[in-house]
Each structure stands twice: as structure tokens, then as C-alpha cells.
Protein chains: 2
Amino acid sequence: MRSNDRSSGAAPGAEDVAEAAGVSPSTVSRCFASPHQVRPETRARVLAAAERLGYRPSRIARSLAEGRTRTLGLIVPDIANPFFAVIVKAVQARARRKDYAVFLADTDEHPDDEYELALTLARQVDGLLLVAPRMDGARLGEVVRQVPSVAVNRSVSGVPSVVAPSEDGLRQAVAHLHALGHRHLALILGARNSWSSEQRGHAVRYAAEQLELKVTEFGPHEPKFHTGAQVADLALAAGATAIVAHNDLMALGVLSRLAERGVRVPDDVSVVGADDTLLATTATPALTSVRIPLDALGERAVDLMLRRLDDPSRVPEELLLDSELIVRRSTGPAPRKES
Amino acid sequence: MRSNDRSSGAAPGAEDVAEAAGVSPSTVSRCFASPHQVRPETRARVLAAAERLGYRPSRIARSLAEGRTRTLGLIVPDIANPFFAVIVKAVQARARRKDYAVFLADTDEHPDDEYELALTLARQVDGLLLVAPRMDGARLGEVVRQVPSVAVNRSVSGVPSVVAPSEDGLRQAVAHLHALGHRHLALILGARNSWSSEQRGHAVRYAAEQLELKVTEFGPHEPKFHTGAQVADLALAAGATAIVAHNDLMALGVLSRLAERGVRVPDDVSVVGADDTLLATTATPALTSVRIPLDALGERAVDLMLRRLDDPSRVPEELLLDSELIVRRSTGPAPRKES
DNA sequence: CAACATCCTGCAAGCGCTCGCAGTAACCGT
DNA sequence: ACGGTTACTGCGAGCGCTTGCAGGATGTTG
């Protein structure tokens with residue numbers, strides 16, 4: 001059955017190439033693994049044969065033998081969320097460039113699945129990229145102990161991570177609104193246990209305090225479109241002239257509700273989003289938003305991981321990326337006092 | 001160095017479990033692979049030991065031995081595109097439920113990378129899911145010959161595929177506009193070589209013809225936000241009262257430009273998108289759009305693949321999913337003739 | 001109670017590649 | 001011309017699991 005029947009449909013093995021090139025399988029292997037160890041002419045012969053047969057070394061077998069998979073695991077709460085999608089894309093691109101494949105796992109925001117997936121993937125990848133992990137510290141610790149990991153957008157002591165604190169951007173946003181004459185802003189918080197929501201809340205509160213701006217808080221809320229819409233009315237009732245949302249999606253909810261009520265943006269109310277996703281740029285009016293360097297987040301995470309892999313002794317570092325405010329059409333001068 | 005030092009950090013192997021449970025490695029293996037072949041009490045003992053040691057079988061080794069990887073390759077043009085993101089999510093979820101992992105590859109819309117990636121992945125997955133493949137027929141054929149494949153959203157003869165022709169939905173859209181009194185609509189086409197763009201063009205043209213609607217076409221265009229915006233002016237100038245865009249993103253571009261010019265939607269002009277992505281639901285005004293069952297696309301693709309895998313003799317089938325119009329706020333009665 | 005079917009379990013041979021070790025040939029210096 | 005290098009290449013032992021085959025223990029039947 002199986003053997004050197006070249007013509008068959010079965011994928012050729014190193015052995016077939018070896019035979020075709022008149023060398024041993026080891027040499028074929030070396031031609032791919034460490035080309036410099038093989039005499040140029042031999043190598044040429046082997047490569048030619050490989051090419052002719054359409055040979056591609058089996059990564060599976062190689063992984064088993066080498067003890068490393070050249071694969072990264074990527075665990076994400078929700079790929080359909082543009083925020084994460086961009087990170088995934090960046091990770092994927094970077095990894096590929098470094099000749100790493102990526103296993104993608106979407107947890108659908110379930111911390112349990114997250115944990116389970118992490119453990120499952122642990123054995124079959126060289127490293128795990130945990131994007132905005134929801135699982136608790138204990139479990140996270142356990143995962144980290146089993147497999148080299150890098151956390152993205154969540155800072156955990158002892159775990160290398162790359163984080164964009166969006167603090168700068170939010171400060172800029174508050175300053176921007178202040179400069180436009182706004183004196184009372186509404187802040188819409190994100191999910192209850194979200195690390196980033198807390199960070200953002202702090203940042204806005206602090207910045208507002210510095211400028212003696214009044215801020216009314218709403219939430220925590222699931223960061224959904226409809227919750228944004230819902231809060232819009234409350235914010236208006238509270239008398240805020242500017243609304244800063246936890247993320248773009250919520251900001252769009254606000255925009256939508258305001259339009260429905262005939263409230264003009266930015267004439268009557270200004271709205272600021274966060275993350276600067278596709279949603280922000282395609283909104284009407286285009287959304288002023290705090291840009292997080294999402295692609296950089298992904299890339300740096302991969303880099304960090306790779307560096308870590310070939311020098312495990314390296315101390316866990318935490319990379320901070322900074323954010324910036326992107327001003328678009330949804331923010332403008334505060335309306336004149338009516339009274 | 002390496003051996004049965006249980007306490008060490010190294011992941012435990014089947015051998016360790018075997019020893020702990022007082023059986024042979026084969027038995028341990030069987031406990032996971034074919035549980036019924038092992039006496040219940042023995043199995044319990046083994047599973048307990050495995051649990052205690054935190055043993056997880058190595059998928060790599062298993063793959064090598066079994067000759068199958070329990071992994072699906074998923075090749076996508078652009079994960080950051082919400083359209084594809086949803087498909088990816090569905091595929092991922094479905095695959096996981098069936099105990100398959102998924103390798104994700106983003107080609108960034110490059111047909112060459114697509115081909116290369118497909119060939120590379122071919123060796124390390126059981127099957128390949130090609131989402132909206134851009135590569136030409138010849139190469140596609142070659143890929144298909146090397147590895148079981150399923151095409152998503154592109155119909156290719158001889159290749160099993162699952163496609164949502166969006167024909168129904170577009171017909172509904174045209175009928176909807178017609179019923180609202182529109183008699184002249186603008187059609188914005190997608191990318192030049194896009195299979196789906198052609199399909200959609202045909203569908204709209206045909207439906208319009210049936211209803212004796214005048215249609216002015218624009219494009220083909222890269223399906224981007226700004227091209228949508230650009231075309232908005234042209235469509236207006238042409239006298240269309242309704243605009244059907246190739247996808248939601250372009251429709252949003254239209255919306256944006258119209259708002260900028262003070263043209264009211266839907267009072268002055270109606271706009272219809274396609275794909276019914278997140279963008280459509282979060283737009284202001286919410287976008288009437290043709291819904292494609294994206295998640296079903298992904299799920300069915302996986303199902304098709306798996307069925308194919310355990311019965312390779314099965315003839316390539318093409319699954320057609322149907323689409324429907326989702327009416328939202330961006331479409332309304334045609335404005336009265338001004339003349 | 002012998003003869004045989006039935007269940008479990010262990011043995012050992014791979015799966016396709018990597019890599020340490022050893023053998024061979026070509027090359028150098030003196 | 002000979003010992004010592006150096007540069008390649010082949011050998012063979014795994015990597016951790018699966019699985020056909022065979023042996024031992026039990027159970028069944030006449």
C-alpha cells in the first residue's frame with residue numbers, strides 16, 4: 001500500500017525526496033532545518049527533488065521531534081467584536097511573518113471556557129496569547145505556570161503583558177471637551193468586572209477633577225449598543241453636554257438615541273467613544289474617539305512571546321502602549337447656556 | 001533529567017499516568033481514545049490518576065500516530081472585516097464543539113498568500129475552509145486536490161461549498177423600494193473580481209427589470225467606506241431616490257456623505273446595505289440591509305467538512321442558504337416628484 | 001471439566017521528522 | 001607522506017501516542 005509509489009496522491013515524505021535525490025532522509029531534513037550544514041550542491045539537488053515532488057515537511061512530525069510546535073495559541077473573548085478582530089489580525093500577521101501558525105479560540109466571553117481552552121491549548125502550542133482574559137487570577141496563574149503566556153490588555157503581576165491604558169487619550173478627550181466649553185460630562189462605564197473599564201473610569205474621573213469638570217457616571221453596564229442608547233436619555237436628563245462612552249459601540253448607541261430624539265450632535269451634545277474601531281470612522285457623524293494602537297498591541301504581544309520563548313529566563317515585562325484622541329465630527333463647542 | 005519526576009514542571013505523559021495507575025501506557029491511551037474497550041474500574045483508576053496529574057494527551061503525538069490532526073484550517077481574506085469575523089466565530093464555535101481546533105490564516109486579501117497558505121496548511125490540517133477565496137480556479141483546483149476543502153461564499157464546480165447568494169434578499173429589497181414608490185435606483189457594485197459582487201449585481205438588475213425600475217450602476221469599486229461616500233454624490237446627480245450598496249460598509253459611506261450634504265435619509269433618499277453586519281444595526285439611521293446568515297455559513301461549512309471527512313466518497317455538494325431583507329430606518333417612501 | 005468464546009490488557013511497531021554521534025572523504029601543514 | 005582537521009552525510013534512537021496482535025483471565029457450554 002503505502003511506500004514509494006510516487007505517483008500516488010499521498011503526500012510525499014522526506015524519505016521519498018531522499019530517494020529521489022540519492023541521499024538519506026537525514027540530509028533532506030537538514031536541508032530544511034539547517035541548510036548551512038549541507039553541501040550547496042547536495043542541497044540544490046535535494047531542493048530540486050523536493051520541489052518536483054511538491055514536498056512539504058510535516059509540521060506535525062517536526063513538532064513532535066523538536067518538542068516545539070511553532071504555533072501560538074490565541075484566546076479571544078469575541079472575534080466578532082471589531083476591537084478584538086483587529087488584534088487577532090495583527091497577531092496573525094506577525095506570527096506568520098515569523099513562521100508561526102496560530103490557533104484561534106473564541107471564548108464567547110465565558111471565563112470557564114477560557115480556562116478550559118487555555119489548558120487544552122497549552123499542550124499544543126509554544127505560547128499562549130491571552131487577550132483581555134476574563135478568568136480570575138488563580139486560574140490565570142495556573143495557566144501561566146503550564147505554558148508561556150502573554151496577556152494582552154490586562155495587566156497581571158508576574159505575567160508579561162502588553163497593555164494600552166488609554167489613559168492619555170482619555171485625558172486628552174477630557175481636555176478637548178473642556179476646551180470646547182463643556183463643564184458637565186456624562187461617563188458611561190463598561191462591564192462590571194472589566195479591568196479596562198475600571199482603568200478608563202479612573203482616567204476620566206481624574207482628568208475631570210483636575211479641570212474642575214463635573215462628571216456624572218452611569219453604569220457599570222454591559223458594553224452594548226442598546227445600553228448606550230438607554231443611557232443617552234439619562235445623560236441628557238442629568239444635564240450633561242458631553243458624553244464619554246466606554247467604547248465606540250456604546251457611543252454609537254448614544255448617537256442613535258440622540259438622533260431619534262432630534263438632539264443634534266455635536267451642536268447640542270458632544271459624544272466621545274473609545275477604541276477607535278471601524279465603527280467610529282464609519283459613524284455619522286464620525287465619532288471622536290480614543291485610539292488604541294490595536295495592531296501594535298497584537299504585534300508587540302507576539303514579539304514579547306517570541307523573545308520570551310528563546311530566552312525563558314527573561315523577566316516578565318509589561319509593555320505600555322499609549323493612546324491618543326482622534327477628533328472627528330461628534331464633538332464641538334458646548335451649547336450656550338439657555339437659562 | 002527527563003523521566004518520571006512527577007513533581008517537575010514538565011507536562012506529564014501517558015507513561016506517567018500509566019505508572020501512577022498501575023497499567024500500561026496503551027491502556028491509558030485507550031481510556032481516552034476508545035473508553036469502552038477498557039474495564040470500567042480500570043478506566044476509573046486511570047482517569048483519576050490522569051486528573052490528579054493534570055494529564056492531557058498530546059494532540060501532536062496523537063495526530064502523528066493517527067494520521068489525522070483534528071484541526072481545520074480556516075483561510076479568510078480579512079478578519080477585521082465584520083463580515084468575515086462573524087463567519088470565523090461561527091466556524092470556531094462549531095469546530096470546537098466537534099472537538100476540532102482551528103488554524104486561522106488571514107490573507108489580507110492577497111490571492112498569492114492565500115494560495116501559499118493553503119498549501120502550507122494542507123499538510124497540517126484535516127480540512128481547509130476557504131472563505132471567499134480570491135485565488136484563480138487553477139490554483140484552487142490544485143489546493144483542492146491536496147486537501148479536503150470547502151469553499152465558503154464562492155461557488156466552484158467540483159468543490160463542496162456553502163454559499164449565500166443574497167439573491168432573495170436583494171429581490172426583496174428591490175420590491176421593498178418599489179413598493180415605497182421609488183422608480184430609479186442607484187446600484188453600487190463591489191470589487192471587480194468579486195464573485196459575490198457579480199451575483200449581487202445580477203440579482204438587483206434582474207429584480208429591477210421585472211418591476212420596471214430604472215437602475216443606474218456605479219462601479220465596480222473597492223468595497224470601502226470612502227468609495228461609498230464618493231458615489232453618493234454621483235447617485236444623487238443621476239436622480240436616483242434610492243441607493244443599493246454592495247455591502248454595509250459602502251452604504252455607511254453613502255449615509256455619511258448624504259448627512260454631510262444635508263440630504264435626509266430616508267426622507268429624501270433611501271439607502272440599502274447588504275450583509276447586515278454590526279455596522280448596519282449600529283448606524284444612524286439604522287440601515288435597511290440584506291441579511292446573510294453568516295453564522296450558518298460558518299457552521300454549515302464545518303458540518304459539510306466533517307461529513308466529508310468521514311465519508312470521502314460523498315459527492316461534492318453545494319449548500320445554498322437564503323437571505324432576507326431586514327427593514328430598518330434608512331428606507332422610506334420616495335419623495336414626491338418636485339417638478 | 002475440557003474446549004472455546006469473550007474481555008482486557010500489554011507488547012511492540014510504527015507515524016515522519018530531528019539530531020547526537022560516528023564514519024568517510026577531502027584538505028593542511030610540516 | 002602521515003597525523004590532524006574540517007566538512008558532510010548516514011545511522012539510529014527517539015518525540016508521545018495509537019493500534020493490530022497475542023496472551024491471560026473469566027465466563028460459557030456440552
# chains A, B, ... in the order shown; residues from 1 in each chain; ligands from 1
>>> residues_around(residues="Gln37 in chain A", least_positions_apart="2", cutoff="12 Å", atoms="only C-alpha atoms (C1' of nucleotides)", output="MDAnalysis selection string")
(chainID A and resid 26:35 39:43) or (chainID D and resid 7:9)
>>> interface_residues(of="chain A", to="chain D", cutoff="9 Å", atoms="only C-alpha atoms (C1' of nucleotides)", output="ChimeraX atom specification")
/A:23-27,37-39,61,63-67
>>> write_last_selection(atoms="N, CA and C atoms", output="short mmCIF file (atom, residue, chain, number, x, y, z; two decimals), in the first residue's frame")
data_model
loop_
_atom_site.label_atom_id
_atom_site.label_comp_id
_atom_site.auth_asym_id
_atom_site.auth_seq_id
_atom_site.Cartn_x
_atom_site.Cartn_y
_atom_site.Cartn_z
N VAL A 23 20.01 10.71 -1.46
CA VAL A 23 20.64 10.98 -0.16
C VAL A 23 19.82 10.31 0.92
N SER A 24 20.22 10.50 2.15
CA SER A 24 19.46 9.91 3.24
C SER A 24 18.42 10.90 3.74
N PRO A 25 17.39 10.40 4.38
CA PRO A 25 16.35 11.28 4.91
C PRO A 25 16.92 12.35 5.83
N SER A 26 17.93 12.00 6.57
CA SER A 26 18.50 12.98 7.50
C SER A 26 18.94 14.22 6.73
N THR A 27 19.56 13.97 5.60
CA THR A 27 20.06 15.09 4.81
C THR A 27 18.92 15.96 4.32
N GLN A 37 24.41 23.34 6.92
CA GLN A 37 25.16 22.13 7.26
C GLN A 37 25.27 21.16 6.10
N VAL A 38 24.74 21.59 4.99
CA VAL A 38 24.70 20.65 3.88
C VAL A 38 25.42 21.27 2.68
N ARG A 39 26.17 20.46 1.99
CA ARG A 39 26.93 20.99 0.87
C ARG A 39 25.98 21.59 -0.16
N ALA A 61 5.02 16.12 12.52
CA ALA A 61 6.15 15.28 12.88
C ALA A 61 7.29 16.12 13.42
N SER A 63 7.12 18.91 14.90
CA SER A 63 6.79 19.39 16.24
C SER A 63 7.11 18.32 17.27
N LEU A 64 6.67 17.14 16.96
CA LEU A 64 6.88 16.06 17.91
C LEU A 64 8.36 15.85 18.17
N ALA A 65 9.11 15.87 17.12
CA ALA A 65 10.54 15.62 17.25
C ALA A 65 11.26 16.77 17.95
N GLU A 66 10.93 17.96 17.52
CA GLU A 66 11.63 19.12 18.08
C GLU A 66 11.17 19.46 19.49
N GLY A 67 9.97 19.07 19.78
CA GLY A 67 9.45 19.42 21.09
C GLY A 67 8.90 20.83 21.11
#
>>> select_by_dssp(residues="range 7-201 of chain B", states="helix (DSSP H, G or I)", output="PyMOL selection string")
chain B and resi 14-21+25-33+35-37+40-53+59-66+82-97+111-122+137-146+167-179+195-201
>>> residues_around(residues="range 170-175 of chain B", least_positions_apart="6", cutoff="10 Å", atoms="only C-alpha atoms (C1' of nucleotides)", output="MDAnalysis selection string")
chainID B and resid 181:183 185 200:211 213 242 244 272:274 288:291 323:327 331
>>> write_last_selection(atoms="C-alpha atoms", output="compact mmCIF listing (two decimals), in the first residue's frame")
# COMPACT_ATOMS: atom_id res chain seq x y z
CA GLY B 181 -42.66 54.40 -4.68
CA HIS B 182 -39.07 54.51 -5.79
CA ARG B 183 -38.64 54.29 -9.54
CA LEU B 185 -32.31 53.36 -8.00
CA ARG B 200 -25.46 40.74 -6.40
CA GLY B 201 -25.31 42.94 -9.45
CA HIS B 202 -27.23 40.39 -11.44
CA ALA B 203 -29.80 39.92 -8.76
CA VAL B 204 -30.58 43.60 -8.46
CA ARG B 205 -30.63 44.20 -12.19
CA TYR B 206 -32.92 41.32 -12.74
CA ALA B 207 -35.32 42.22 -9.98
CA ALA B 208 -35.40 45.84 -11.10
CA GLU B 209 -36.12 44.84 -14.63
CA GLN B 210 -39.08 42.76 -13.54
CA LEU B 211 -40.55 45.73 -11.77
CA LEU B 213 -37.38 50.12 -12.23
CA ALA B 242 -32.76 55.01 -3.57
CA VAL B 244 -28.45 49.92 -3.02
CA VAL B 272 -29.97 49.78 1.47
CA GLY B 273 -26.90 47.89 2.55
CA ALA B 274 -26.01 44.25 2.41
CA THR B 288 -32.03 48.50 5.99
CA SER B 289 -29.89 45.63 4.88
CA VAL B 290 -29.92 42.21 3.30
CA ARG B 291 -29.18 39.69 5.95
CA SER B 323 -31.04 35.72 2.64
CA GLU B 324 -33.73 38.12 3.66
CA LEU B 325 -34.28 41.81 3.79
CA ILE B 326 -34.18 43.44 7.18
CA VAL B 327 -36.01 46.72 7.05
CA THR B 331 -35.55 53.28 3.74
>>> closest_atom_pairs(of="chain C", to="chain B", cutoff="10 Å", atoms="only C-alpha atoms (C1' of nucleotides)", output="Markdown table")
| residue | atom | partner | partner_atom | distance |
| --- | --- | --- | --- | --- |
| C:DC7 | C1' | B:Arg39 | CA | 8.4 |
| C:DC8 | C1' | B:Val38 | CA | 6.5 |
| C:DT9 | C1' | B:Thr27 | CA | 6.9 |
| C:DG10 | C1' | B:Ser24 | CA | 6.5 |
| C:DC11 | C1' | B:Ser26 | CA | 9.2 |
| C:DG14 | C1' | B:Ala65 | CA | 8.1 |
| C:DC15 | C1' | B:Ala65 | CA | 4.5 |
| C:DG16 | C1' | B:Leu64 | CA | 7.7 |
>>> interface_residues(of="chain B", to="chain A", cutoff="7 Å", atoms="only C-alpha atoms", output="ChimeraX atom specification")
/B:58-61,64,79-80,82,85-86,89,92,102-106,123-124,225,252-253,256,279,282-285
>>> write_last_selection(atoms="C-alpha atoms", output="CSV table (one decimal), in the first residue's frame")
chain,number,residue,atom,x,y,z
B,58,SER,CA,-0.6,15.5,23.4
B,59,ARG,CA,-2.6,16.3,20.3
B,60,ILE,CA,0.6,16.5,18.4
B,61,ALA,CA,1.7,12.9,19.1
B,64,LEU,CA,1.2,11.9,14.1
B,79,ILE,CA,-10.6,39.1,9.8
B,80,ALA,CA,-11.0,42.7,10.6
B,82,PRO,CA,-17.0,42.2,10.4
B,85,ALA,CA,-15.3,37.9,11.6
B,86,VAL,CA,-18.7,36.5,12.2
B,89,LYS,CA,-16.6,33.0,15.0
B,92,GLN,CA,-14.6,28.3,15.5
B,102,VAL,CA,-8.8,25.7,14.0
B,103,PHE,CA,-5.8,27.2,12.4
B,104,LEU,CA,-6.6,30.7,11.4
B,105,ALA,CA,-4.9,32.4,8.5
B,106,ASP,CA,-5.7,35.9,7.3
B,123,ARG,CA,-0.2,19.2,5.5
B,124,GLN,CA,-1.2,20.1,9.0
B,225,PHE,CA,-16.4,53.4,3.1
B,252,LEU,CA,-22.4,53.7,5.5
B,253,GLY,CA,-20.1,55.8,3.3
B,256,SER,CA,-22.1,59.7,5.8
B,279,LEU,CA,-22.4,48.2,11.1
B,282,THR,CA,-25.4,50.5,14.8
B,283,ALA,CA,-25.7,53.0,12.0
B,284,THR,CA,-27.7,56.2,12.4
B,285,PRO,CA,-30.2,55.8,10.9
>>> select_by_dssp(residues="range 178-332 of chain B", states="strand (DSSP E)", output="PyMOL selection string")
chain B and resi 184-188+214-218+242-245+270-275+288-291+318-320+324-326
>>> write_last_selection(atoms="N, CA and C atoms", output="CSV table (one decimal), in the first residue's frame")
chain,number,residue,atom,x,y,z
B,184,HIS,N,-36.3,54.9,-9.5
B,184,HIS,CA,-35.0,55.0,-10.0
B,184,HIS,C,-34.0,54.7,-8.9
B,185,LEU,N,-33.3,53.6,-9.1
B,185,LEU,CA,-32.3,53.4,-8.0
B,185,LEU,C,-30.9,53.2,-8.5
B,186,ALA,N,-30.0,53.6,-7.6
B,186,ALA,CA,-28.6,53.5,-7.9
B,186,ALA,C,-28.0,52.2,-7.3
B,187,LEU,N,-27.2,51.6,-8.1
B,187,LEU,CA,-26.6,50.3,-7.6
B,187,LEU,C,-25.1,50.5,-7.5
B,188,ILE,N,-24.6,50.3,-6.3
B,188,ILE,CA,-23.1,50.4,-6.2
B,188,ILE,C,-22.5,49.0,-6.2
B,214,LYS,N,-35.9,51.8,-13.0
B,214,LYS,CA,-34.6,52.2,-13.7
B,214,LYS,C,-33.5,52.0,-12.7
B,215,VAL,N,-32.4,51.5,-13.2
B,215,VAL,CA,-31.2,51.4,-12.3
B,215,VAL,C,-30.0,51.9,-12.9
B,216,THR,N,-29.3,52.8,-12.2
B,216,THR,CA,-28.0,53.3,-12.7
B,216,THR,C,-26.9,52.7,-11.9
B,217,GLU,N,-25.9,52.1,-12.6
B,217,GLU,CA,-24.9,51.4,-11.9
B,217,GLU,C,-23.6,52.2,-11.7
B,218,PHE,N,-23.0,52.0,-10.6
B,218,PHE,CA,-21.7,52.6,-10.3
B,218,PHE,C,-20.7,51.5,-9.9
B,242,ALA,N,-33.1,56.1,-4.5
B,242,ALA,CA,-32.8,55.0,-3.6
B,242,ALA,C,-31.4,54.5,-4.0
B,243,ILE,N,-30.6,54.1,-3.0
B,243,ILE,CA,-29.3,53.6,-3.3
B,243,ILE,C,-29.1,52.2,-2.7
B,244,VAL,N,-28.7,51.3,-3.5
B,244,VAL,CA,-28.5,49.9,-3.0
B,244,VAL,C,-27.0,49.7,-3.1
B,245,ALA,N,-26.3,49.5,-2.0
B,245,ALA,CA,-24.9,49.3,-2.0
B,245,ALA,C,-24.5,47.9,-1.9
B,270,SER,N,-33.4,56.9,0.1
B,270,SER,CA,-33.4,55.7,0.8
B,270,SER,C,-32.1,54.9,0.6
B,271,VAL,N,-31.6,54.3,1.5
B,271,VAL,CA,-30.3,53.5,1.4
B,271,VAL,C,-30.4,52.1,1.9
B,272,VAL,N,-29.9,51.2,1.1
B,272,VAL,CA,-30.0,49.8,1.5
B,272,VAL,C,-28.5,49.2,1.5
B,273,GLY,N,-28.2,48.5,2.5
B,273,GLY,CA,-26.9,47.9,2.6
B,273,GLY,C,-27.0,46.4,2.3
B,274,ALA,N,-25.9,45.7,2.5
B,274,ALA,CA,-26.0,44.3,2.4
B,274,ALA,C,-25.0,43.6,3.4
B,275,ASP,N,-25.4,42.5,3.9
B,275,ASP,CA,-24.7,41.6,4.8
B,275,ASP,C,-25.2,41.7,6.2
B,288,THR,N,-31.3,49.6,6.6
B,288,THR,CA,-32.0,48.5,6.0
B,288,THR,C,-31.0,47.7,5.2
B,289,SER,N,-31.0,46.4,5.5
B,289,SER,CA,-29.9,45.6,4.9
B,289,SER,C,-30.3,44.2,4.6
B,290,VAL,N,-29.6,43.6,3.7
B,290,VAL,CA,-29.9,42.2,3.3
B,290,VAL,C,-29.1,41.3,4.2
B,291,ARG,N,-29.9,40.6,5.0
B,291,ARG,CA,-29.2,39.7,6.0
B,291,ARG,C,-28.7,38.4,5.3
B,318,GLU,N,-23.3,21.5,-3.0
B,318,GLU,CA,-23.2,22.9,-2.8
B,318,GLU,C,-24.5,23.3,-2.0
B,319,LEU,N,-24.2,23.9,-0.8
B,319,LEU,CA,-25.3,24.3,0.0
B,319,LEU,C,-25.7,25.8,-0.3
B,320,LEU,N,-27.0,26.0,-0.4
B,320,LEU,CA,-27.4,27.4,-0.6
B,320,LEU,C,-28.2,27.9,0.6
B,324,GLU,N,-32.5,37.4,3.5
B,324,GLU,CA,-33.7,38.1,3.7
B,324,GLU,C,-33.5,39.6,3.9
B,325,LEU,N,-34.4,40.4,3.6
B,325,LEU,CA,-34.3,41.8,3.8
B,325,LEU,C,-34.7,42.2,5.2
B,326,ILE,N,-33.8,42.9,5.9
B,326,ILE,CA,-34.2,43.4,7.2
B,326,ILE,C,-34.4,44.9,7.0
